[in-house]
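Pasted below: target.pdb, PDB, C-alpha atoms, pLDDT in the B column.
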ATOM      1  CA  MET A   1      -4.986 -11.358   0.584  1.00 90.00           C
ATOM      2  CA  PRO A   2      -3.217  -8.783  -1.614  1.00 96.00           C
ATOM      3  CA  LYS A   3      -4.864  -5.463  -2.250  1.00 98.00           C
ATOM      4  CA  TYR A   4      -5.188  -3.882  -5.689  1.00 98.00           C
ATOM      5  CA  ILE A   5      -6.022  -0.546  -7.219  1.00 98.00           C
ATOM      6  CA  ASP A   6      -7.129  -0.668 -10.820  1.00 98.00           C
ATOM      7  CA  VAL A   7      -7.695   2.201 -13.201  1.00 98.00           C
ATOM      8  CA  HIS A   8     -10.235   2.679 -15.978  1.00 98.00           C
ATOM      9  CA  ARG A   9      -9.782   5.540 -18.437  1.00 96.00           C
ATOM     10  CA  ASN A  10     -11.979   7.049 -21.135  1.00 94.00           C
ATOM     11  CA  MET A  11     -15.030   7.039 -18.867  1.00 96.00           C
ATOM     12  CA  THR A  12     -15.684  10.739 -19.410  1.00 97.00           C
ATOM     13  CA  GLY A  13     -19.192  11.708 -18.375  1.00 97.00           C
ATOM     14  CA  ILE A  14     -19.792   8.619 -16.252  1.00 97.00           C
ATOM     15  CA  THR A  15     -22.826   9.093 -14.006  1.00 98.00           C
ATOM     16  CA  ALA A  16     -23.439   7.910 -10.465  1.00 97.00           C
ATOM     17  CA  GLU A  17     -25.919   5.374 -11.812  1.00 97.00           C
ATOM     18  CA  GLN A  18     -23.460   4.034 -14.394  1.00 97.00           C
ATOM     19  CA  LEU A  19     -20.789   3.670 -11.707  1.00 97.00           C
ATOM     20  CA  ARG A  20     -23.281   1.890  -9.455  1.00 97.00           C
ATOM     21  CA  GLN A  21     -24.288  -0.493 -12.248  1.00 97.00           C
ATOM     22  CA  ALA A  22     -20.678  -1.241 -13.201  1.00 96.00           C
ATOM     23  CA  HIS A  23     -19.807  -1.926  -9.578  1.00 97.00           C
ATOM     24  CA  ALA A  24     -22.870  -4.157  -9.181  1.00 97.00           C
ATOM     25  CA  ALA A  25     -21.803  -6.136 -12.250  1.00 97.00           C
ATOM     26  CA  ASP A  26     -18.415  -6.740 -10.622  1.00 97.00           C
ATOM     27  CA  LEU A  27     -19.965  -7.757  -7.313  1.00 97.00           C
ATOM     28  CA  ALA A  28     -22.266 -10.222  -9.059  1.00 97.00           C
ATOM     29  CA  ILE A  29     -19.378 -12.356 -10.318  1.00 98.00           C
ATOM     30  CA  GLN A  30     -16.399 -11.468  -8.120  1.00 98.00           C
ATOM     31  CA  GLY A  31     -16.894 -14.492  -5.871  1.00 97.00           C
ATOM     32  CA  GLU A  32     -16.103 -16.806  -8.776  1.00 97.00           C
ATOM     33  CA  GLU A  33     -12.628 -15.282  -8.907  1.00 97.00           C
ATOM     34  CA  GLY A  34     -12.144 -14.843  -5.161  1.00 98.00           C
ATOM     35  CA  VAL A  35     -12.061 -11.058  -5.511  1.00 98.00           C
ATOM     36  CA  ASP A  36     -13.647  -8.539  -3.148  1.00 98.00           C
ATOM     37  CA  PHE A  37     -14.207  -5.085  -4.619  1.00 98.00           C
ATOM     38  CA  GLN A  38     -14.358  -2.591  -1.793  1.00 96.00           C
ATOM     39  CA  ARG A  39     -14.635   0.938  -3.132  1.00 96.00           C
ATOM     40  CA  ALA A  40     -14.659   2.844  -6.404  1.00 97.00           C
ATOM     41  CA  TRP A  41     -14.123   6.527  -7.170  1.00 98.00           C
ATOM     42  CA  ALA A  42     -14.844   8.305 -10.453  1.00 98.00           C
ATOM     43  CA  ASP A  43     -13.926  11.621 -12.010  1.00 97.00           C
ATOM     44  CA  PRO A  44     -16.456  12.219 -14.807  1.00 97.00           C
ATOM     45  CA  ASP A  45     -14.483  15.230 -16.083  1.00 96.00           C
ATOM     46  CA  SER A  46     -11.251  13.380 -16.849  1.00 96.00           C
ATOM     47  CA  GLY A  47     -12.980  10.022 -17.275  1.00 97.00           C
ATOM     48  CA  VAL A  48     -10.850   8.087 -14.814  1.00 98.00           C
ATOM     49  CA  VAL A  49     -12.228   5.494 -12.401  1.00 98.00           C
ATOM     50  CA  TYR A  50     -10.258   3.871  -9.574  1.00 98.00           C
ATOM     51  CA  CYS A  51     -11.322   0.626  -7.904  1.00 98.00           C
ATOM     52  CA  LEU A  52      -9.931  -0.797  -4.658  1.00 98.00           C
ATOM     53  CA  SER A  53     -10.113  -4.547  -4.168  1.00 98.00           C
ATOM     54  CA  ASN A  54      -8.714  -7.562  -2.391  1.00 97.00           C
ATOM     55  CA  GLY A  55      -7.986 -10.607  -4.456  1.00 97.00           C
ATOM     56  CA  PRO A  56      -5.743 -13.586  -5.062  1.00 98.00           C
ATOM     57  CA  SER A  57      -3.974 -12.018  -8.063  1.00 98.00           C
ATOM     58  CA  ALA A  58      -4.030  -9.117 -10.506  1.00 97.00           C
ATOM     59  CA  ASP A  59      -5.239 -11.564 -13.152  1.00 98.00           C
ATOM     60  CA  ALA A  60      -8.265 -12.439 -11.027  1.00 98.00           C
ATOM     61  CA  VAL A  61      -9.125  -8.736 -10.707  1.00 98.00           C
ATOM     62  CA  ARG A  62      -8.583  -8.328 -14.445  1.00 98.00           C
ATOM     63  CA  ARG A  63     -10.892 -11.230 -15.253  1.00 98.00           C
ATOM     64  CA  VAL A  64     -13.751  -9.885 -13.133  1.00 98.00           C
ATOM     65  CA  HIS A  65     -13.641  -6.502 -14.859  1.00 98.00           C
ATOM     66  CA  GLU A  66     -13.324  -8.079 -18.305  1.00 97.00           C
ATOM     67  CA  ARG A  67     -16.218 -10.456 -17.735  1.00 97.00           C
ATOM     68  CA  ALA A  68     -18.330  -7.579 -16.368  1.00 97.00           C
ATOM     69  CA  GLY A  69     -17.733  -5.706 -19.626  1.00 96.00           C
ATOM     70  CA  HIS A  70     -15.406  -2.940 -18.455  1.00 96.00           C
ATOM     71  CA  PRO A  71     -11.772  -4.089 -18.693  1.00 97.00           C
ATOM     72  CA  ALA A  72      -9.264  -2.159 -16.583  1.00 98.00           C
ATOM     73  CA  ASP A  73      -6.472  -0.167 -18.235  1.00 98.00           C
ATOM     74  CA  GLU A  74      -4.078  -0.664 -15.312  1.00 96.00           C
ATOM     75  CA  ILE A  75      -4.021  -2.972 -12.300  1.00 97.00           C
ATOM     76  CA  HIS A  76      -1.517  -2.363  -9.515  1.00 97.00           C
ATOM     77  CA  GLN A  77      -0.942  -4.498  -6.479  1.00 97.00           C
ATOM     78  CA  VAL A  78      -0.546  -2.064  -3.573  1.00 98.00           C
ATOM     79  CA  PRO A  79       1.300  -3.898  -0.806  1.00 97.00           C
ATOM     80  CA  LEU A  80       1.996  -0.640   1.033  1.00 98.00           C
ATOM     81  CA  GLU A  81      -0.921   1.187   2.613  1.00 96.00           C
ATOM     82  CA  ILE A  82      -1.504   3.921   5.136  1.00 94.00           C
TER      83      ILE A  82
ATOM     84  CA  MET B   2     -15.839  18.954   1.019  1.00 90.00           C
ATOM     85  CA  PRO B   3     -14.732  17.508  -2.323  1.00 96.00           C
ATOM     86  CA  LYS B   4     -12.741  14.311  -2.378  1.00 98.00           C
ATOM     87  CA  TYR B   5      -9.585  13.830  -4.438  1.00 98.00           C
ATOM     88  CA  ILE B   6      -7.345  11.032  -5.598  1.00 98.00           C
ATOM     89  CA  ASP B   7      -3.869  12.073  -6.595  1.00 98.00           C
ATOM     90  CA  VAL B   8      -1.205  10.016  -8.299  1.00 98.00           C
ATOM     91  CA  HIS B   9       2.572  10.006  -7.901  1.00 98.00           C
ATOM     92  CA  ARG B  10       4.682   8.142 -10.435  1.00 96.00           C
ATOM     93  CA  ASN B  11       8.358   7.204 -10.591  1.00 94.00           C
ATOM     94  CA  MET B  12       8.385   6.030  -6.964  1.00 96.00           C
ATOM     95  CA  THR B  13       9.786   2.620  -7.863  1.00 97.00           C
ATOM     96  CA  GLY B  14      11.205   0.858  -4.832  1.00 97.00           C
ATOM     97  CA  ILE B  15       9.372   3.005  -2.296  1.00 97.00           C
ATOM     98  CA  THR B  16       9.474   1.384   1.146  1.00 98.00           C
ATOM     99  CA  ALA B  17       6.840   1.322   3.862  1.00 97.00           C
ATOM    100  CA  GLU B  18       8.980   3.722   5.890  1.00 97.00           C
ATOM    101  CA  GLN B  19       9.352   6.154   2.987  1.00 97.00           C
ATOM    102  CA  LEU B  20       5.596   6.096   2.415  1.00 97.00           C
ATOM    103  CA  ARG B  21       5.018   6.688   6.108  1.00 97.00           C
ATOM    104  CA  GLN B  22       7.435   9.622   6.154  1.00 97.00           C
ATOM    105  CA  ALA B  23       5.940  11.187   3.031  1.00 96.00           C
ATOM    106  CA  HIS B  24       2.438  10.866   4.468  1.00 97.00           C
ATOM    107  CA  ALA B  25       3.595  12.352   7.787  1.00 97.00           C
ATOM    108  CA  ALA B  26       5.083  15.321   5.916  1.00 97.00           C
ATOM    109  CA  ASP B  27       1.693  15.917   4.287  1.00 97.00           C
ATOM    110  CA  LEU B  28      -0.172  15.627   7.574  1.00 97.00           C
ATOM    111  CA  ALA B  29       2.185  18.093   9.230  1.00 97.00           C
ATOM    112  CA  ILE B  30       1.136  20.941   6.929  1.00 98.00           C
ATOM    113  CA  GLN B  31      -2.219  19.922   5.467  1.00 98.00           C
ATOM    114  CA  GLY B  32      -4.178  22.001   7.982  1.00 97.00           C
ATOM    115  CA  GLU B  33      -2.724  25.179   6.532  1.00 97.00           C
ATOM    116  CA  GLU B  34      -4.432  24.340   3.235  1.00 97.00           C
ATOM    117  CA  GLY B  35      -7.608  22.873   4.712  1.00 98.00           C
ATOM    118  CA  VAL B  36      -6.784  19.429   3.304  1.00 98.00           C
ATOM    119  CA  ASP B  37      -7.318  16.089   5.039  1.00 98.00           C
ATOM    120  CA  PHE B  38      -5.286  13.199   3.642  1.00 98.00           C
ATOM    121  CA  GLN B  39      -7.033   9.967   4.488  1.00 96.00           C
ATOM    122  CA  ARG B  40      -5.255   7.020   2.928  1.00 96.00           C
ATOM    123  CA  ALA B  41      -2.364   6.224   0.631  1.00 97.00           C
ATOM    124  CA  TRP B  42      -1.479   3.097  -1.334  1.00 98.00           C
ATOM    125  CA  ALA B  43       1.824   2.311  -3.031  1.00 98.00           C
ATOM    126  CA  ASP B  44       3.026  -0.189  -5.620  1.00 97.00           C
ATOM    127  CA  PRO B  45       6.832  -0.298  -5.263  1.00 97.00           C
ATOM    128  CA  ASP B  46       7.148  -2.422  -8.427  1.00 96.00           C
ATOM    129  CA  SER B  47       5.562   0.061 -10.825  1.00 96.00           C
ATOM    130  CA  GLY B  48       6.389   3.070  -8.660  1.00 97.00           C
ATOM    131  CA  VAL B  49       2.869   4.469  -8.454  1.00 98.00           C
ATOM    132  CA  VAL B  50       1.363   5.960  -5.286  1.00 98.00           C
ATOM    133  CA  TYR B  51      -2.291   6.915  -4.845  1.00 98.00           C
ATOM    134  CA  CYS B  52      -3.500   9.302  -2.139  1.00 98.00           C
ATOM    135  CA  LEU B  53      -7.105   9.863  -1.079  1.00 98.00           C
ATOM    136  CA  SER B  54      -7.974  13.208   0.477  1.00 98.00           C
ATOM    137  CA  ASN B  55     -10.687  15.713   1.226  1.00 97.00           C
ATOM    138  CA  GLY B  56      -9.943  19.332   0.495  1.00 98.00           C
ATOM    139  CA  PRO B  57     -11.281  22.657  -0.694  1.00 98.00           C
ATOM    140  CA  SER B  58      -9.699  22.388  -4.172  1.00 98.00           C
ATOM    141  CA  ALA B  59      -7.270  20.400  -6.300  1.00 97.00           C
ATOM    142  CA  ASP B  60      -4.848  23.306  -5.997  1.00 98.00           C
ATOM    143  CA  ALA B  61      -4.888  23.012  -2.216  1.00 98.00           C
ATOM    144  CA  VAL B  62      -4.048  19.297  -2.489  1.00 98.00           C
ATOM    145  CA  ARG B  63      -1.343  20.131  -5.016  1.00 98.00           C
ATOM    146  CA  ARG B  64       0.212  22.744  -2.739  1.00 98.00           C
ATOM    147  CA  VAL B  65       0.432  20.377   0.233  1.00 98.00           C
ATOM    148  CA  HIS B  66       2.271  17.744  -1.795  1.00 98.00           C
ATOM    149  CA  GLU B  67       4.565  20.331  -3.388  1.00 97.00           C
ATOM    150  CA  ARG B  68       5.452  21.924  -0.070  1.00 97.00           C
ATOM    151  CA  ALA B  69       6.063  18.469   1.428  1.00 97.00           C
ATOM    152  CA  GLY B  70       8.584  17.797  -1.327  1.00 96.00           C
ATOM    153  CA  HIS B  71       6.710  15.225  -3.404  1.00 96.00           C
ATOM    154  CA  PRO B  72       4.569  16.938  -6.047  1.00 97.00           C
ATOM    155  CA  ALA B  73       1.723  14.895  -7.518  1.00 98.00           C
ATOM    156  CA  ASP B  74       1.689  13.950 -11.196  1.00 98.00           C
ATOM    157  CA  GLU B  75      -2.123  13.916 -11.395  1.00 96.00           C
ATOM    158  CA  ILE B  76      -4.901  15.164  -9.145  1.00 97.00           C
ATOM    159  CA  HIS B  77      -8.491  14.139  -9.822  1.00 97.00           C
ATOM    160  CA  GLN B  78     -11.563  15.299  -8.017  1.00 98.00           C
ATOM    161  CA  VAL B  79     -13.717  12.190  -7.521  1.00 98.00           C
ATOM    162  CA  PRO B  80     -17.288  13.352  -6.949  1.00 97.00           C
ATOM    163  CA  LEU B  81     -18.637   9.836  -7.531  1.00 98.00           C
ATOM    164  CA  GLU B  82     -17.869   7.184  -4.945  1.00 96.00           C
ATOM    165  CA  ILE B  83     -19.094   3.762  -3.963  1.00 94.00           C
TER     166      ILE B  83
END

Take the structure I supplied and represent it as structure tokens, if you would.
Amino acid sequence: MPKYIDVHRNMTGITAEQLRQAHAADLAIQGEEGVDFQRAWADPDSGVVYCLSNGPSADAVRRVHERAGHPADEIHQVPLEI
Amino acid sequence: MPKYIDVHRNMTGITAEQLRQAHAADLAIQGEEGVDFQRAWADPDSGVVYCLSNGPSADAVRRVHERAGHPADEIHQVPLEI
């Protein structure tokens, strides 16, 4: 299944608890879209959050984040990985 | 040791071999800066590459990529991780 990295901006000041809650909200509904969110990293200073997932399409990843209340600003399929 | 995600843009069309070579060039010198590059993901269509590393500072990460010939466009410390 393709792998994706998506990017959220304007999350300046995000806390560990807020990241955990946002991730939990994704996990709660991801199965309905066939997506598997694996990891997430956040930089509270610049307000950027990166999520790594597997899924059937970028639209499926987009829908999970939108439905969870935190739409992504960018979604990139990343077919190359080391 | 802090964790970083850095971003390279304008890599449209990057191949698996080019990503492998770029990563190998980082690994060859990273010890001199105390950096440990862990993973890299590339989207040849949009030309964006993400690298995940541990290191003593963003400047150390920046220096490795510069010396390897592929300076990063953004470097973010990511103290929050799931």

Do you have the atom CA of A:Leu52-atom CA of A:Gly31 distance handy?
15.4 Å

Find the residues of chain A that sit at most 8 Å from chain B; for each, write down the nearest two atoms and how far apart they are in Å, to one decimal. Count only C-alpha atoms. Sort by chain, then by number going up, and give it as CSV.
residue,atom,partner,partner_atom,distance
A:Thr15,CA,B:Leu81,CA,7.7
A:Ala16,CA,B:Leu81,CA,5.9
A:Leu19,CA,B:Leu81,CA,7.8
A:Arg20,CA,B:Ile83,CA,7.2
A:Arg39,CA,B:Ile83,CA,5.3
A:Ala40,CA,B:Ile83,CA,5.1
A:Trp41,CA,B:Glu82,CA,4.4
A:Ala42,CA,B:Val79,CA,5.0
A:Asp43,CA,B:Val79,CA,4.5
A:Pro44,CA,B:Val79,CA,7.8
A:Ser46,CA,B:His77,CA,7.6
A:His76,CA,B:Asp44,CA,6.4
A:Gln77,CA,B:Asp44,CA,5.9
A:Val78,CA,B:Asp44,CA,4.5
A:Pro79,CA,B:Asp44,CA,6.3
A:Leu80,CA,B:Ala43,CA,5.0
A:Glu81,CA,B:Trp42,CA,4.4
A:Ile82,CA,B:Ala41,CA,5.1

Mind pulling up the distance from atom CA of A:Asp36 to atom CA of B:Ala73?
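Pair atom CA of B:Ala73 / atom CA of A:Asp36 returns 28.4 Å.
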
Atom CA of A:Asn10 sits from atom CA of A:Pro71 at a separation of 11.4 Å

So which residues get picked by the PyMOL selection byres ((chain B and resi 56) around 9) here, written as a PyMOL selection string?
chain B and resi 2-5+34-38+54-55+57-59+61-62

Can you list, as a PDB file with C-alpha atoms, in the frame of the given file, the residues that the PyMOL selection byres ((chain B and resi 67) around 12) selects here?
ATOM      1  CA  HIS B   9       2.572  10.006  -7.901  1.00 98.00           C
ATOM      2  CA  ALA B  23       5.940  11.187   3.031  1.00 96.00           C
ATOM      3  CA  ALA B  26       5.083  15.321   5.916  1.00 97.00           C
ATOM      4  CA  ASP B  27       1.693  15.917   4.287  1.00 97.00           C
ATOM      5  CA  ILE B  30       1.136  20.941   6.929  1.00 98.00           C
ATOM      6  CA  GLN B  31      -2.219  19.922   5.467  1.00 98.00           C
ATOM      7  CA  GLU B  34      -4.432  24.340   3.235  1.00 97.00           C
ATOM      8  CA  ASP B  60      -4.848  23.306  -5.997  1.00 98.00           C
ATOM      9  CA  ALA B  61      -4.888  23.012  -2.216  1.00 98.00           C
ATOM     10  CA  VAL B  62      -4.048  19.297  -2.489  1.00 98.00           C
ATOM     11  CA  ARG B  63      -1.343  20.131  -5.016  1.00 98.00           C
ATOM     12  CA  ARG B  64       0.212  22.744  -2.739  1.00 98.00           C
ATOM     13  CA  VAL B  65       0.432  20.377   0.233  1.00 98.00           C
ATOM     14  CA  HIS B  66       2.271  17.744  -1.795  1.00 98.00           C
ATOM     15  CA  ARG B  68       5.452  21.924  -0.070  1.00 97.00           C
ATOM     16  CA  ALA B  69       6.063  18.469   1.428  1.00 97.00           C
ATOM     17  CA  GLY B  70       8.584  17.797  -1.327  1.00 96.00           C
ATOM     18  CA  HIS B  71       6.710  15.225  -3.404  1.00 96.00           C
ATOM     19  CA  PRO B  72       4.569  16.938  -6.047  1.00 97.00           C
ATOM     20  CA  ALA B  73       1.723  14.895  -7.518  1.00 98.00           C
ATOM     21  CA  ASP B  74       1.689  13.950 -11.196  1.00 98.00           C
TER      22      ASP B  74
END

So that all listed atoms of stretch 53-58 of chain A fit with 6 Å spare on each side, what axis-aligned box centre and edge lengths in Å, to one decimal, would you give as lines of an AutoDock Vina configuration file?
center_x = -7.0
center_y = -9.1
center_z = -6.4
size_x = 18.1
size_y = 21.0
size_z = 20.1
